[in-house]
Each structure stands twice: as C-alpha cells, then as structure tokens.
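Chemist: Next up, my_file26.txt (compact mmCIF, C-alpha atoms and all ligand atoms).
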```
# COMPACT_ATOMS: atom_id res chain seq x y z
CA MET A 1 124.77 171.29 -138.09
CA LYS A 2 126.49 170.37 -134.82
CA LYS A 3 128.26 167.00 -134.80
CA ASP A 4 126.60 164.10 -133.08
CA ILE A 5 128.73 164.11 -129.91
CA ASP A 6 127.71 163.43 -126.31
CA TRP A 7 128.82 166.93 -125.29
CA LYS A 8 127.84 166.61 -121.64
CA ASN A 9 130.01 163.54 -121.06
CA LEU A 10 133.18 164.62 -122.84
CA ASP A 11 136.40 164.30 -120.93
CA PHE A 12 139.63 166.19 -121.66
CA GLY A 13 140.76 164.10 -124.62
CA TYR A 14 141.53 164.24 -128.32
CA ILE A 15 138.82 163.89 -130.93
CA LYS A 16 139.77 164.38 -134.56
CA THR A 17 138.06 167.41 -136.07
CA ASP A 18 137.73 168.16 -139.79
CA TYR A 19 140.38 170.83 -140.41
CA ARG A 20 143.73 171.91 -139.07
CA PHE A 21 146.04 174.76 -140.13
CA VAL A 22 149.63 174.20 -141.21
CA SER A 23 152.39 176.59 -142.23
CA ASN A 24 156.04 175.78 -142.99
CA TYR A 25 159.15 177.84 -142.33
CA LYS A 26 161.97 177.38 -144.81
CA ASP A 27 164.81 179.57 -146.13
CA GLY A 28 164.14 182.13 -143.43
CA LYS A 29 160.43 182.70 -144.08
CA TRP A 30 156.95 181.36 -143.35
CA ASP A 31 154.76 180.24 -146.26
CA GLU A 32 151.12 181.36 -146.57
CA GLY A 33 149.81 178.35 -144.69
CA GLU A 34 146.64 176.38 -145.40
CA LEU A 35 143.84 174.39 -143.88
CA ILE A 36 144.22 170.66 -144.44
CA GLN A 37 142.24 167.56 -143.53
CA ASP A 38 145.04 165.06 -142.88
CA GLU A 39 145.73 164.83 -139.15
CA ASN A 40 148.97 162.89 -139.57
CA ILE A 41 152.46 164.36 -139.94
CA VAL A 42 155.32 162.69 -141.80
CA LEU A 43 158.75 163.75 -140.52
CA ASN A 44 162.36 162.89 -141.17
CA GLU A 45 163.70 160.41 -138.58
CA CYS A 46 166.23 163.01 -137.47
CA ALA A 47 163.83 165.99 -137.16
CA GLY A 48 164.87 168.54 -134.51
CA VAL A 49 161.70 167.94 -132.52
CA LEU A 50 162.33 164.18 -132.36
CA GLN A 51 165.97 164.43 -131.32
CA TYR A 52 166.22 167.50 -129.13
CA ALA A 53 162.58 168.26 -128.27
CA GLN A 54 162.55 171.61 -130.05
CA THR A 55 158.86 172.34 -129.70
CA CYS A 56 156.50 174.70 -127.94
CA PHE A 57 152.74 175.03 -127.81
CA GLU A 58 149.77 177.06 -126.67
CA GLY A 59 146.28 176.27 -125.44
CA LEU A 60 143.09 178.32 -125.66
CA LYS A 61 139.39 177.68 -126.08
CA ALA A 62 136.47 178.59 -128.32
CA TYR A 63 133.06 178.97 -126.69
CA GLU A 64 129.49 179.20 -127.91
CA THR A 65 128.03 182.18 -126.09
CA VAL A 66 124.58 182.78 -124.64
CA ASP A 67 123.62 184.59 -127.87
CA ASN A 68 124.98 181.76 -130.05
CA LYS A 69 128.13 183.44 -131.27
CA ILE A 70 131.43 181.58 -131.38
CA VAL A 71 134.23 183.40 -129.57
CA CYS A 72 137.79 182.91 -128.37
CA PHE A 73 139.28 184.28 -125.17
CA ARG A 74 142.30 186.60 -125.43
CA PRO A 75 144.14 184.85 -128.31
CA ASP A 76 146.51 187.84 -128.54
CA LEU A 77 148.04 186.79 -125.23
CA ASN A 78 148.62 183.26 -126.51
CA ALA A 79 150.32 184.71 -129.59
CA LYS A 80 152.55 186.84 -127.39
CA ARG A 81 153.43 183.97 -125.06
CA MET A 82 154.24 181.73 -128.01
CA GLU A 83 156.53 184.48 -129.28
CA ASP A 84 158.35 184.38 -125.93
CA SER A 85 158.56 180.58 -126.08
CA CYS A 86 159.95 180.65 -129.63
CA LYS A 87 162.60 183.23 -128.77
CA ARG A 88 163.79 181.23 -125.76
CA LEU A 89 163.93 178.02 -127.82
CA GLU A 90 165.70 179.59 -130.85
CA MET A 91 162.64 179.08 -133.04
CA PRO A 92 161.21 181.58 -135.54
CA VAL A 93 158.27 183.66 -134.30
CA TYR A 94 154.92 183.14 -136.01
CA PRO A 95 153.51 186.67 -136.43
CA GLN A 96 150.68 187.62 -134.04
CA GLU A 97 148.13 188.63 -136.72
CA LYS A 98 148.74 185.41 -138.63
CA PHE A 99 148.52 183.40 -135.40
CA ILE A 100 145.09 184.87 -134.67
CA GLU A 101 144.02 184.42 -138.29
CA ALA A 102 145.01 180.73 -138.17
CA ILE A 103 142.94 180.24 -135.02
CA ARG A 104 139.98 182.00 -136.60
CA LYS A 105 140.18 179.76 -139.65
CA VAL A 106 140.44 176.53 -137.65
CA VAL A 107 137.53 177.43 -135.39
CA GLU A 108 135.35 178.66 -138.25
CA LYS A 109 135.96 175.52 -140.34
CA ASN A 110 135.32 173.29 -137.30
CA ALA A 111 132.33 175.30 -136.03
CA ASP A 112 130.20 172.15 -135.87
CA PHE A 113 132.58 170.83 -133.21
CA VAL A 114 132.13 173.85 -130.93
CA PRO A 115 130.10 172.43 -128.03
CA PRO A 116 126.66 174.04 -127.64
CA TYR A 117 126.08 176.76 -125.05
CA GLY A 118 125.16 175.22 -121.73
CA SER A 119 126.80 171.85 -122.37
CA GLY A 120 129.77 172.67 -120.14
CA ALA A 121 132.16 171.56 -122.89
CA THR A 122 134.37 173.78 -125.06
CA LEU A 123 136.53 173.56 -128.17
CA TYR A 124 140.17 173.37 -127.05
CA ILE A 125 142.60 174.88 -129.56
CA ARG A 126 146.20 173.78 -129.69
CA PRO A 127 148.66 175.96 -131.66
CA TYR A 128 152.18 174.48 -131.72
CA MET A 129 155.49 174.63 -133.51
CA PHE A 130 158.38 172.23 -133.96
CA GLY A 131 161.74 171.87 -135.65
CA SER A 132 161.06 169.75 -138.75
CA ASN A 133 164.33 169.27 -140.65
CA SER A 134 167.12 166.86 -139.74
CA VAL A 135 169.41 167.96 -136.90
CA ILE A 136 172.09 165.73 -135.42
CA GLY A 137 174.58 168.14 -133.85
CA VAL A 138 173.01 169.97 -130.90
CA LYS A 139 171.72 173.11 -132.60
CA PRO A 140 168.39 174.63 -133.62
CA ALA A 141 166.60 173.31 -136.72
CA GLN A 142 166.45 175.47 -139.83
CA GLU A 143 162.96 174.44 -140.86
CA TYR A 144 159.82 174.54 -138.74
CA GLN A 145 156.17 173.72 -138.90
CA PHE A 146 153.46 175.78 -137.19
CA ARG A 147 150.13 174.02 -136.71
CA VAL A 148 146.78 174.59 -135.08
CA PHE A 149 144.27 171.86 -134.38
CA ALA A 150 141.12 171.83 -132.28
CA THR A 151 139.33 169.19 -130.23
CA PRO A 152 136.11 169.36 -128.21
CA VAL A 153 136.80 168.83 -124.49
CA GLY A 154 135.05 168.45 -121.17
CA PRO A 155 136.52 169.15 -117.72
CA TYR A 156 140.25 168.61 -117.15
CA PHE A 157 139.72 167.09 -113.72
CA LYS A 158 137.10 164.37 -113.38
CA GLY A 159 134.13 165.63 -111.42
CA GLY A 160 134.42 169.20 -112.79
CA ALA A 161 133.83 171.54 -109.88
CA LYS A 162 134.50 168.92 -107.17
CA PRO A 163 137.55 169.80 -105.04
CA ILE A 164 140.65 167.75 -105.78
CA VAL A 165 143.49 166.48 -103.59
CA ILE A 166 147.04 167.26 -104.68
CA ARG A 167 150.44 166.50 -103.20
CA ILE A 168 153.67 168.41 -102.79
CA SER A 169 156.09 166.89 -105.27
CA ASP A 170 159.69 165.88 -104.66
CA PHE A 171 160.33 166.26 -108.38
CA ASP A 172 160.91 169.65 -110.01
CA ARG A 173 159.25 170.70 -113.26
CA ALA A 174 161.61 173.60 -113.93
CA ALA A 175 165.13 174.77 -113.16
CA PRO A 176 165.96 178.11 -111.50
CA HIS A 177 167.15 179.72 -114.73
CA GLY A 178 165.53 177.25 -117.11
CA THR A 179 162.37 177.18 -119.18
CA GLY A 180 159.58 177.10 -116.58
CA HIS A 181 158.26 180.49 -117.75
CA ILE A 182 157.66 179.40 -121.35
CA LYS A 183 155.41 176.74 -122.82
CA ALA A 184 158.11 174.34 -124.00
CA GLY A 185 157.14 170.71 -124.58
CA LEU A 186 160.20 169.72 -122.57
CA ASN A 187 158.65 171.10 -119.35
CA TYR A 188 155.79 168.66 -119.76
CA ALA A 189 158.12 165.76 -120.55
CA MET A 190 159.84 166.63 -117.26
CA SER A 191 156.52 166.37 -115.43
CA LEU A 192 155.31 163.04 -116.82
CA HIS A 193 156.97 160.80 -114.25
CA ALA A 194 155.77 163.04 -111.42
CA ILE A 195 152.16 163.04 -112.68
CA VAL A 196 152.03 159.27 -113.19
CA ASP A 197 153.50 158.76 -109.72
CA ALA A 198 150.99 161.24 -108.22
CA HIS A 199 148.06 159.50 -109.95
CA ASN A 200 149.31 156.09 -108.78
CA GLN A 201 149.20 157.40 -105.24
CA GLY A 202 145.70 158.84 -105.62
CA PHE A 203 146.53 162.52 -106.16
CA ALA A 204 145.08 164.58 -109.00
CA GLU A 205 148.14 166.82 -109.48
CA ASN A 206 151.52 167.88 -108.11
CA MET A 207 152.28 171.11 -106.34
CA TYR A 208 155.81 172.00 -107.42
CA LEU A 209 157.98 174.09 -105.14
CA ASP A 210 160.65 176.53 -106.30
CA PRO A 211 163.53 174.40 -107.52
CA ALA A 212 166.25 176.51 -105.84
CA THR A 213 165.06 176.44 -102.21
CA ARG A 214 161.98 174.22 -102.15
CA THR A 215 160.33 176.59 -99.72
CA LYS A 216 158.00 178.50 -102.05
CA VAL A 217 154.92 177.47 -103.99
CA GLU A 218 155.26 177.49 -107.78
CA GLU A 219 152.47 175.84 -109.76
CA THR A 220 151.15 172.45 -110.86
CA GLY A 221 151.98 170.62 -114.09
CA GLY A 222 149.28 172.47 -116.02
CA ALA A 223 147.95 175.37 -113.94
CA ASN A 224 148.86 178.29 -111.65
CA PHE A 225 147.61 178.69 -108.07
CA ILE A 226 145.14 181.14 -106.59
CA PHE A 227 144.71 181.32 -102.81
CA VAL A 228 142.13 183.16 -100.72
CA THR A 229 143.11 184.51 -97.30
CA LYS A 230 140.83 184.55 -94.23
CA ASP A 231 140.23 188.25 -95.04
CA ASN A 232 139.00 187.38 -98.54
CA GLU A 233 142.09 188.66 -100.27
CA ILE A 234 143.51 186.90 -103.30
CA VAL A 235 147.12 185.74 -103.22
CA THR A 236 148.89 184.25 -106.22
CA PRO A 237 152.52 183.10 -106.43
CA LYS A 238 155.12 185.22 -108.19
CA SER A 239 158.10 183.39 -109.66
CA ASN A 240 160.35 183.52 -112.69
CA SER A 241 160.00 179.80 -113.26
CA ILE A 242 156.21 179.49 -113.58
CA LEU A 243 154.14 179.89 -116.72
CA PRO A 244 152.44 183.31 -116.84
CA SER A 245 148.91 181.93 -116.98
CA ILE A 246 146.46 183.96 -119.04
CA THR A 247 143.63 182.66 -116.86
CA ARG A 248 145.45 183.82 -113.72
CA ARG A 249 146.12 187.27 -115.17
CA SER A 250 142.45 187.49 -116.17
CA LEU A 251 141.27 186.36 -112.72
CA VAL A 252 143.46 188.99 -111.06
CA TYR A 253 141.68 191.62 -113.17
CA VAL A 254 138.27 190.11 -112.44
CA ALA A 255 139.00 190.02 -108.69
CA GLU A 256 140.07 193.65 -108.61
CA HIS A 257 137.69 195.23 -111.11
CA TYR A 258 134.55 193.10 -110.99
CA LEU A 259 134.58 191.81 -107.41
CA GLY A 260 136.43 194.62 -105.64
CA LEU A 261 138.88 192.21 -103.98
CA LYS A 262 142.45 192.97 -103.01
CA VAL A 263 145.03 190.92 -104.90
CA GLU A 264 148.65 190.28 -104.02
CA GLU A 265 151.07 188.67 -106.43
CA ARG A 266 154.01 187.68 -104.29
CA GLU A 267 156.20 184.83 -103.15
CA VAL A 268 154.11 182.30 -101.25
CA TYR A 269 155.88 180.12 -98.70
CA LYS A 270 154.89 176.52 -98.18
CA THR A 271 154.57 177.27 -94.46
CA GLU A 272 151.74 179.73 -95.23
CA LEU A 273 149.52 177.17 -96.94
CA LYS A 274 147.73 176.21 -93.72
CA ASP A 275 146.58 179.81 -93.24
CA PHE A 276 144.61 180.11 -96.48
CA LYS A 277 140.86 179.66 -96.63
CA GLU A 278 140.60 178.52 -100.24
CA CYS A 279 142.91 177.20 -102.92
CA ALA A 280 142.29 176.63 -106.62
CA LEU A 281 144.17 175.81 -109.82
CA CYS A 282 143.69 178.13 -112.75
CA GLY A 283 144.41 177.57 -116.42
CA THR A 284 142.73 177.21 -119.78
CA ALA A 285 142.20 173.47 -119.31
CA ALA A 286 141.65 173.63 -115.54
CA VAL A 287 139.50 176.84 -115.71
CA LEU A 288 139.32 177.27 -111.91
CA SER A 289 139.49 173.92 -110.15
CA PRO A 290 139.12 173.96 -106.37
CA VAL A 291 141.71 172.19 -104.23
CA GLY A 292 140.32 170.66 -101.03
CA LYS A 293 143.50 169.18 -99.59
CA ILE A 294 147.23 169.31 -100.09
CA ASN A 295 149.27 166.32 -98.95
CA ASP A 296 152.74 167.27 -97.74
CA HIS A 297 154.54 163.96 -97.32
CA GLY A 298 151.74 162.49 -95.26
CA ASP A 299 150.68 165.68 -93.48
CA GLU A 300 147.38 167.00 -94.76
CA ILE A 301 146.60 170.65 -95.23
CA CYS A 302 142.78 170.80 -95.35
CA PHE A 303 141.20 174.00 -96.58
CA PRO A 304 138.11 175.17 -94.64
CA SER A 305 136.16 175.20 -97.94
CA GLY A 306 136.15 171.39 -97.68
CA MET A 307 135.87 168.53 -100.13
CA ASP A 308 132.30 168.99 -101.36
CA ASN A 309 132.05 172.39 -103.01
CA MET A 310 134.06 175.27 -104.39
CA GLY A 311 134.93 177.90 -101.79
CA GLU A 312 132.77 181.01 -101.79
CA ILE A 313 135.34 183.37 -103.33
CA THR A 314 136.56 180.75 -105.80
CA LYS A 315 132.94 180.34 -106.93
CA LYS A 316 132.55 184.10 -107.45
CA LEU A 317 135.75 184.23 -109.48
CA TYR A 318 134.68 181.18 -111.49
CA ASP A 319 131.18 182.50 -112.21
CA THR A 320 132.50 185.88 -113.32
CA LEU A 321 135.26 184.52 -115.54
CA VAL A 322 133.04 181.90 -117.18
CA GLY A 323 130.25 184.50 -117.43
CA ILE A 324 132.61 186.74 -119.41
CA GLN A 325 133.74 183.86 -121.64
CA LEU A 326 130.15 182.78 -122.35
CA GLY A 327 128.90 186.31 -123.01
CA ARG A 328 126.66 186.52 -119.93
CA ILE A 329 128.78 189.27 -118.37
CA GLU A 330 130.28 192.18 -120.26
CA ALA A 331 133.97 191.57 -121.00
CA PRO A 332 136.78 194.09 -120.62
CA LYS A 333 137.68 195.64 -123.96
CA GLY A 334 139.75 193.37 -126.19
CA TRP A 335 139.20 190.13 -124.27
CA ILE A 336 136.74 188.48 -126.65
CA GLU A 337 137.60 187.61 -130.25
CA VAL A 338 134.32 187.00 -132.08
CA ILE A 339 134.81 184.32 -134.72
CA LYS A 340 131.24 184.15 -136.06
N1 LIG B 1 150.90 176.55 -115.93
C1 LIG B 1 151.18 175.56 -116.77
C2 LIG B 1 152.40 174.74 -116.51
C3 LIG B 1 150.34 175.30 -117.87
O1 LIG B 1 150.60 174.31 -118.71
C4 LIG B 1 149.20 176.11 -118.06
C5 LIG B 1 148.32 175.90 -119.20
O2 LIG B 1 148.42 176.54 -120.20
C6 LIG B 1 148.94 177.13 -117.15
C7 LIG B 1 149.82 177.32 -116.10
C8 LIG B 1 147.76 178.01 -117.32
O3 LIG B 1 147.96 178.95 -118.32
P1 LIG B 1 146.75 179.56 -119.13
O4 LIG B 1 145.84 180.14 -118.12
O5 LIG B 1 147.37 180.58 -119.99
O6 LIG B 1 146.14 178.45 -119.87
C1 LIG B 2 146.21 174.44 -121.00
O1 LIG B 2 145.54 174.69 -120.00
O2 LIG B 2 145.95 174.92 -122.10
C2 LIG B 2 147.39 173.60 -120.91
O3 LIG B 2 148.20 173.63 -121.78
C3 LIG B 2 147.56 172.71 -119.77
C4 LIG B 2 147.52 171.28 -120.09
C5 LIG B 2 147.31 170.61 -118.78
C6 LIG B 2 146.49 170.83 -121.05
```
What would the structure in this file look like if it were written as structure tokens?
Modeler:
Amino acid sequence: MKKDIDWKNLDFGYIKTDYRFVSNYKDGKWDEGELIQDENIVLNECAGVLQYAQTCFEGLKAYETVDNKIVCFRPDLNAKRMEDSCKRLEMPVYPQEKFIEAIRKVVEKNADFVPPYGSGATLYIRPYMFGSNSVIGVKPAQEYQFRVFATPVGPYFKGGAKPIVIRISDFDRAAPHGTGHIKAGLNYAMSLHAIVDAHNQGFAENMYLDPATRTKVEETGGANFIFVTKDNEIVTPKSNSILPSITRRSLVYVAEHYLGLKVEEREVYKTELKDFKECALCGTAAVLSPVGKINDHGDEICFPSGMDNMGEITKKLYDTLVGIQLGRIEAPKGWIEVIK
C-alpha cells in the first residue's frame, strides 16, 4: 500500500524511506552489499570524505507509469557517469551491473514511496560514494562506502512549470581543467555561496560562464541549458567543464528523432542570449524548467516566451520526454528499466 503522503504538495526535499543499500570497499574489493534500515552513518573523525571531500554522487528517478509499472530512466548512463567521476577522484569504480542492481533493490523495497501516476511527484534516487577510512596526508582513502537511498520529491523549482528568473554569476563553479565535467560533491560545495547569494537577491539559479574567458554559457548549479532559436532550432552549450546531463542528451535525441528539430551542440556566447526565443534548464531534478529572464548585472534579457508559460518548443520537448518516462509514449530501446 502506498504511504500516506501528500504527493501533490511535495517539494524537492528529503523524506526518510524504509530501505537503503550499502556496500563497503576494503582490501581492494567491494563486499556483496545489503539493504539496511538505519539511515545514519558512523564515520571516523578523520574519514577522507570529511577532510578532503572525496565524494561523488548521482541522481535519477523512479516513476509510476500510466500502466502502473515502476520504472527508472536510463540508469546505465548514471552508472557510467559515476565511473567517470570515481576515476577522476581516485575512487574505486562500483561495477555497472551491481550499480543497477542496487538501484533496483532500493526502488523495489521502497515501492510504497513511489508517487502515484499523475501526482506529478517522483522517487528521487541518490547513489553516492565516499572515502570512509582515516586520511590525514593529502591522498585518496583506501576504504570506501557506496550507498543508494531514495526520497519522494516534487518539483525542484517552486511553481513547477512557471518560468524562473536567473542571473549571470560572478562566481565560477568549475575550473578550466578541473572537475566540472564529473559529479563531485566539491563542485556543489563551490556553488553554495553563489546559490545563497542568488536566492537572497531574488534569483532562482545562477548561470555560470566559462571560467577561462567568461564569455560563454556553461550551465547552472544543477542543470544544463537548452535554447531555442527564432527558427525553432535547438542549441545547447558544449564545454569540457559542464556536467554531461543525461536529460540533455535525451532531449537532444527527442528533438531530433521525435520532433524532427535541428539540434546544435556548440559553444554559446553570452552575447547571443538576446537572440534566442526560449531558454530552459534541463536535469533530473529540474526536468525541463523554463527560464523567462536572465539578469546580467542589472540588464535583463527577456525571452519572448514570457513569464507565464513554457515556450512552445520547450513544452513539446517536456511533454515528449515526460511522456516517455511515464510510459505514455514509446521509449527508444534501452531507455526504460522496468523495476516491477
Ligand atoms: N548539471 C549539473 C551541475 C547537475 O548537478 C545536474 C544534475 O544531475 C545536471 C547538470 C543534469 O544532469 P542529469 O540530466 O544527468 O540529471
Ligand atoms: C540532479 O538533477 O539529479 C542533481 O543532482 C541536481 C541537484 C540540483 C539535485
């Protein structure tokens, strides 16, 4: 039986669910791993994650579909991206099949927390890994913990499909040859001051520019950008220091193969922003959140799609992607992992 939760009014927050998966890495190998009920972690005071932030994570969602199945969206790509994160952070890789198996177990055991079809909410799944043994010299840990928990969530931005206002940030979230392209916890630590400052000034998010020249659009703290040109073409920024969003890669496919739109992945200059018709943020948490205005140090770039509704092309992309995730539209082969 589904849990007694006010699904329609959930925000993007943490709610403790019944089970989480944990596996430990010691003496060069991962143990079998198990589902446990305790949500707390006891660590040595000198654990690698606490001293030198050796941690990375992933984010994906489970959905109840129109025919009442529970599914996940492209978990293989999360496994692969976590592998890239681990390699860059000198952490051991958690094997892809075991990663997917852990997600399956967590979702299955917490099935009563998967929001019902039509509620607009989803079960957010957070796989993560951290250095767990004591480390005091600057070097990688030798022991690690891999975990997966889940929490039911509503929209990431208040108001759901209502366009948001963002600002161009003077802070960087990544360095030119740093870790912007992987999902390291440290990238998010870097962004906390910028996000608090943005919120204090009334903006929902930061648009970060490329850290080397500050002339090109990168991404926000938790999502990539999609733009629509006046000719209804999709443009999305290409950069070595942004996270390769699974949602963005999926939307590119949807645009080309479902909607017959032309897509360009290329460098996008800040000076071009005023020429676009629509702008949206894409990510697992953000799904596809329309941007109505960008504030550039007091100058406003207002998209013709306005502040009331999603732009027309953004809406088509959104409806198709969500339709695929909720089983209303046939998915490309391999995109949907049926849990039960
Ligand atoms: N960019 C950043 C910095 C993110 O944290 C996320 C969220 O995971 C994304 C982009 C979107 O990626 P995905 O679509 O794989 O969730
Ligand atoms: C996600 O979309 O999964 C993220 O990790 C982004 C974060 C803003 C929650």
Chemist: Any chance you could tabulate, as JSON lines, the residues of chain A at most 8 Å from ligand LIG 2 (chain B) with each one's nearest atom pair and distance in Å to one decimal, using only C-alpha atoms and all ligand atoms, in chain and rising number order?
Modeler:
```
{"residue": "A:Phe57", "atom": "CA", "partner": "B:LIG2", "partner_atom": "O3", "distance": 7.7}
{"residue": "A:Glu58", "atom": "CA", "partner": "B:LIG2", "partner_atom": "O3", "distance": 6.2}
{"residue": "A:Gly59", "atom": "CA", "partner": "B:LIG2", "partner_atom": "O2", "distance": 3.6}
{"residue": "A:Leu60", "atom": "CA", "partner": "B:LIG2", "partner_atom": "O2", "distance": 5.7}
{"residue": "A:Tyr124", "atom": "CA", "partner": "B:LIG2", "partner_atom": "O2", "distance": 7.8}
{"residue": "A:Arg126", "atom": "CA", "partner": "B:LIG2", "partner_atom": "O2", "distance": 7.7}
{"residue": "A:Tyr156", "atom": "CA", "partner": "B:LIG2", "partner_atom": "C5", "distance": 7.5}
{"residue": "A:Lys183", "atom": "CA", "partner": "B:LIG2", "partner_atom": "O3", "distance": 7.9}
{"residue": "A:Gly221", "atom": "CA", "partner": "B:LIG2", "partner_atom": "C5", "distance": 6.6}
{"residue": "A:Gly222", "atom": "CA", "partner": "B:LIG2", "partner_atom": "C5", "distance": 3.9}
{"residue": "A:Ala223", "atom": "CA", "partner": "B:LIG2", "partner_atom": "C3", "distance": 6.4}
{"residue": "A:Gly283", "atom": "CA", "partner": "B:LIG2", "partner_atom": "O1", "distance": 4.7}
{"residue": "A:Thr284", "atom": "CA", "partner": "B:LIG2", "partner_atom": "O1", "distance": 3.8}
{"residue": "A:Ala285", "atom": "CA", "partner": "B:LIG2", "partner_atom": "O1", "distance": 3.6}
{"residue": "A:Ala286", "atom": "CA", "partner": "B:LIG2", "partner_atom": "O1", "distance": 6.0}
{"residue": "A:Val287", "atom": "CA", "partner": "B:LIG2", "partner_atom": "O1", "distance": 7.7}
```
Chemist: Write as number ranges by chain the residues around ligand LIG 1 (chain B), taking 10 Å as the cut-off and counting only C-alpha atoms and all ligand atoms.
Modeler: A: 57-61, 74-75, 77-78, 81, 173-174, 180-185, 187-188, 191, 218-225, 241-251, 281-288
Chemist: Which one of A:Lys26, A:Lys3, A:Arg147, A:Lys340 sits closest to A:Ala102 if you count only C-alpha atoms?
Modeler: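 Of all the options, A:Arg147 lies closest to A:Ala102.
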Chemist: Restricting the calculation to all atoms listed in the file: of A:Met310, A:Cys46, A:Leu259, A:Val66, which residue gets closest to A:Arg328?
Modeler: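 Closest to A:Arg328, using all atoms listed in the file: A:Val66.
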Chemist: Neighbourhood query: residues within 6 Å of (134.6, 171.9, -109.6), file coordinates, counting all atoms listed in the file; return as an mmCIF file with C-alpha atoms, in the coordinates of the input.
Modeler:
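Done, and the output landed in part_6.cif:
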```
data_model
loop_
_atom_site.group_PDB
_atom_site.id
_atom_site.type_symbol
_atom_site.label_atom_id
_atom_site.label_comp_id
_atom_site.auth_asym_id
_atom_site.auth_seq_id
_atom_site.Cartn_x
_atom_site.Cartn_y
_atom_site.Cartn_z
ATOM 1 C CA GLY A 160 134.420 169.200 -112.790
ATOM 2 C CA ALA A 161 133.830 171.540 -109.880
ATOM 3 C CA LYS A 162 134.500 168.920 -107.170
ATOM 4 C CA PRO A 163 137.550 169.800 -105.040
ATOM 5 C CA SER A 289 139.490 173.920 -110.150
ATOM 6 C CA PRO A 290 139.120 173.960 -106.370
#
```
Chemist: As a PyMOL selection string, please: the residues near A:Pro140 (cut-off 9 Å, only C-alpha atoms, same-chain neighbours under 2 positions excluded).
Modeler: chain A and resi 48+52+54+89-91+131+135+137-138+142
Chemist: Could you save those same residues with C-alpha atoms as a JSON list (two decimals), in the coordinates of the input?
Modeler:
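result_23.json was written with the following content:
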```
[["chain", "number", "residue", "atom", "x", "y", "z"],
["A", 48, "GLY", "CA", 164.87, 168.54, -134.51],
["A", 52, "TYR", "CA", 166.22, 167.50, -129.13],
["A", 54, "GLN", "CA", 162.55, 171.61, -130.05],
["A", 89, "LEU", "CA", 163.93, 178.02, -127.82],
["A", 90, "GLU", "CA", 165.70, 179.59, -130.85],
["A", 91, "MET", "CA", 162.64, 179.08, -133.04],
["A", 131, "GLY", "CA", 161.74, 171.87, -135.65],
["A", 135, "VAL", "CA", 169.41, 167.96, -136.90],
["A", 137, "GLY", "CA", 174.58, 168.14, -133.85],
["A", 138, "VAL", "CA", 173.01, 169.97, -130.90],
["A", 142, "GLN", "CA", 166.45, 175.47, -139.83]]
```
Chemist: Rounded to one decimal, what separation in Å do you get between atom CA of A:Cys279 and atom CA of A:Asp231?
Modeler: 13.8 Å
Chemist: Pick out the residues sitting within 10 Å of A:Thr17, and hand them over as a VMD selection string; count all atoms listed in the file, and ignore anything fewer than 6 positions along from it in its own chain.
Modeler: chain A and resid 3 37 39 106 109 to 113 149 to 152
Chemist: Using C-alpha atoms, can you export the residues from the last selection as a PDB file, in the coordinates of the input?
Modeler:
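Saved to out26.pdb:
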```
ATOM      1  CA  LYS A   3     128.260 167.000-134.800  1.00  0.00           C
ATOM      2  CA  GLN A  37     142.240 167.560-143.530  1.00  0.00           C
ATOM      3  CA  GLU A  39     145.730 164.830-139.150  1.00  0.00           C
ATOM      4  CA  VAL A 106     140.440 176.530-137.650  1.00  0.00           C
ATOM      5  CA  LYS A 109     135.960 175.520-140.340  1.00  0.00           C
ATOM      6  CA  ASN A 110     135.320 173.290-137.300  1.00  0.00           C
ATOM      7  CA  ALA A 111     132.330 175.300-136.030  1.00  0.00           C
ATOM      8  CA  ASP A 112     130.200 172.150-135.870  1.00  0.00           C
ATOM      9  CA  PHE A 113     132.580 170.830-133.210  1.00  0.00           C
ATOM     10  CA  PHE A 149     144.270 171.860-134.380  1.00  0.00           C
ATOM     11  CA  ALA A 150     141.120 171.830-132.280  1.00  0.00           C
ATOM     12  CA  THR A 151     139.330 169.190-130.230  1.00  0.00           C
ATOM     13  CA  PRO A 152     136.110 169.360-128.210  1.00  0.00           C
TER      14      PRO A 152
END
```
Chemist: I'd like the interatomic distance between atom CA of A:Asp210 and atom CA of A:Ala194, to a tenth of an Å.
Modeler: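 Taking atom CA of A:Asp210 and atom CA of A:Ala194, their separation equals 15.2 Å.
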Chemist: Which residue is closest to A:Pro237? Choose from A:Lys333, A:Ile136, A:Thr213, A:Tyr208 and count only C-alpha atoms.
Modeler: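 Using only C-alpha atoms, A:Pro237 sits closest to A:Tyr208.
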Chemist: Given the point (165.4, 168.4, -145.0) in the file's coordinates, find the residues that have an atom at most 8 Å from it, counting all atoms listed in the file, and give them as a list in words.
Modeler: Asn44, Ser132, Asn133, Ser134 and Glu143 of chain A
Chemist: Name all residues at most 10 Å from A:Lys158 (count all atoms listed in the file; drop same-chain ones fewer than 5 positions away) and give them as a list in words.
Modeler: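 Listing them by chain and then by number gives Asp11, Phe12, Pro163, Ile164 and Ala204 of chain A.
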Chemist: Residues at most 8 Å from A:Pro115, counting all atoms listed in the file, excluding those fewer than 6 positions away in the same chain, as an MDAnalysis selection string?
Modeler: chainID A and resid 2 7 63:64 121:123 152
Chemist: Here is a test: counting only C-alpha atoms, which residue of A:Phe21, A:Tyr14, A:Cys302, A:Lys274 is nearest to A:Ile36?
Modeler: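 Under the stated criterion, the closest residue is A:Phe21.
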Chemist: Between A:Ile168, A:Ala189, A:Val49, A:Ile226, which one has atoms that come closest to A:Ile301, using all atoms listed in the file?
Modeler: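 Nearest to A:Ile301: A:Ile168.
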Chemist: Counting only C-alpha atoms, which of A:Val196, A:Cys56, A:Val322, A:Val165 gets nearest to A:Asp84?
Modeler: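 The answer is A:Cys56, which sits nearest to A:Asp84.
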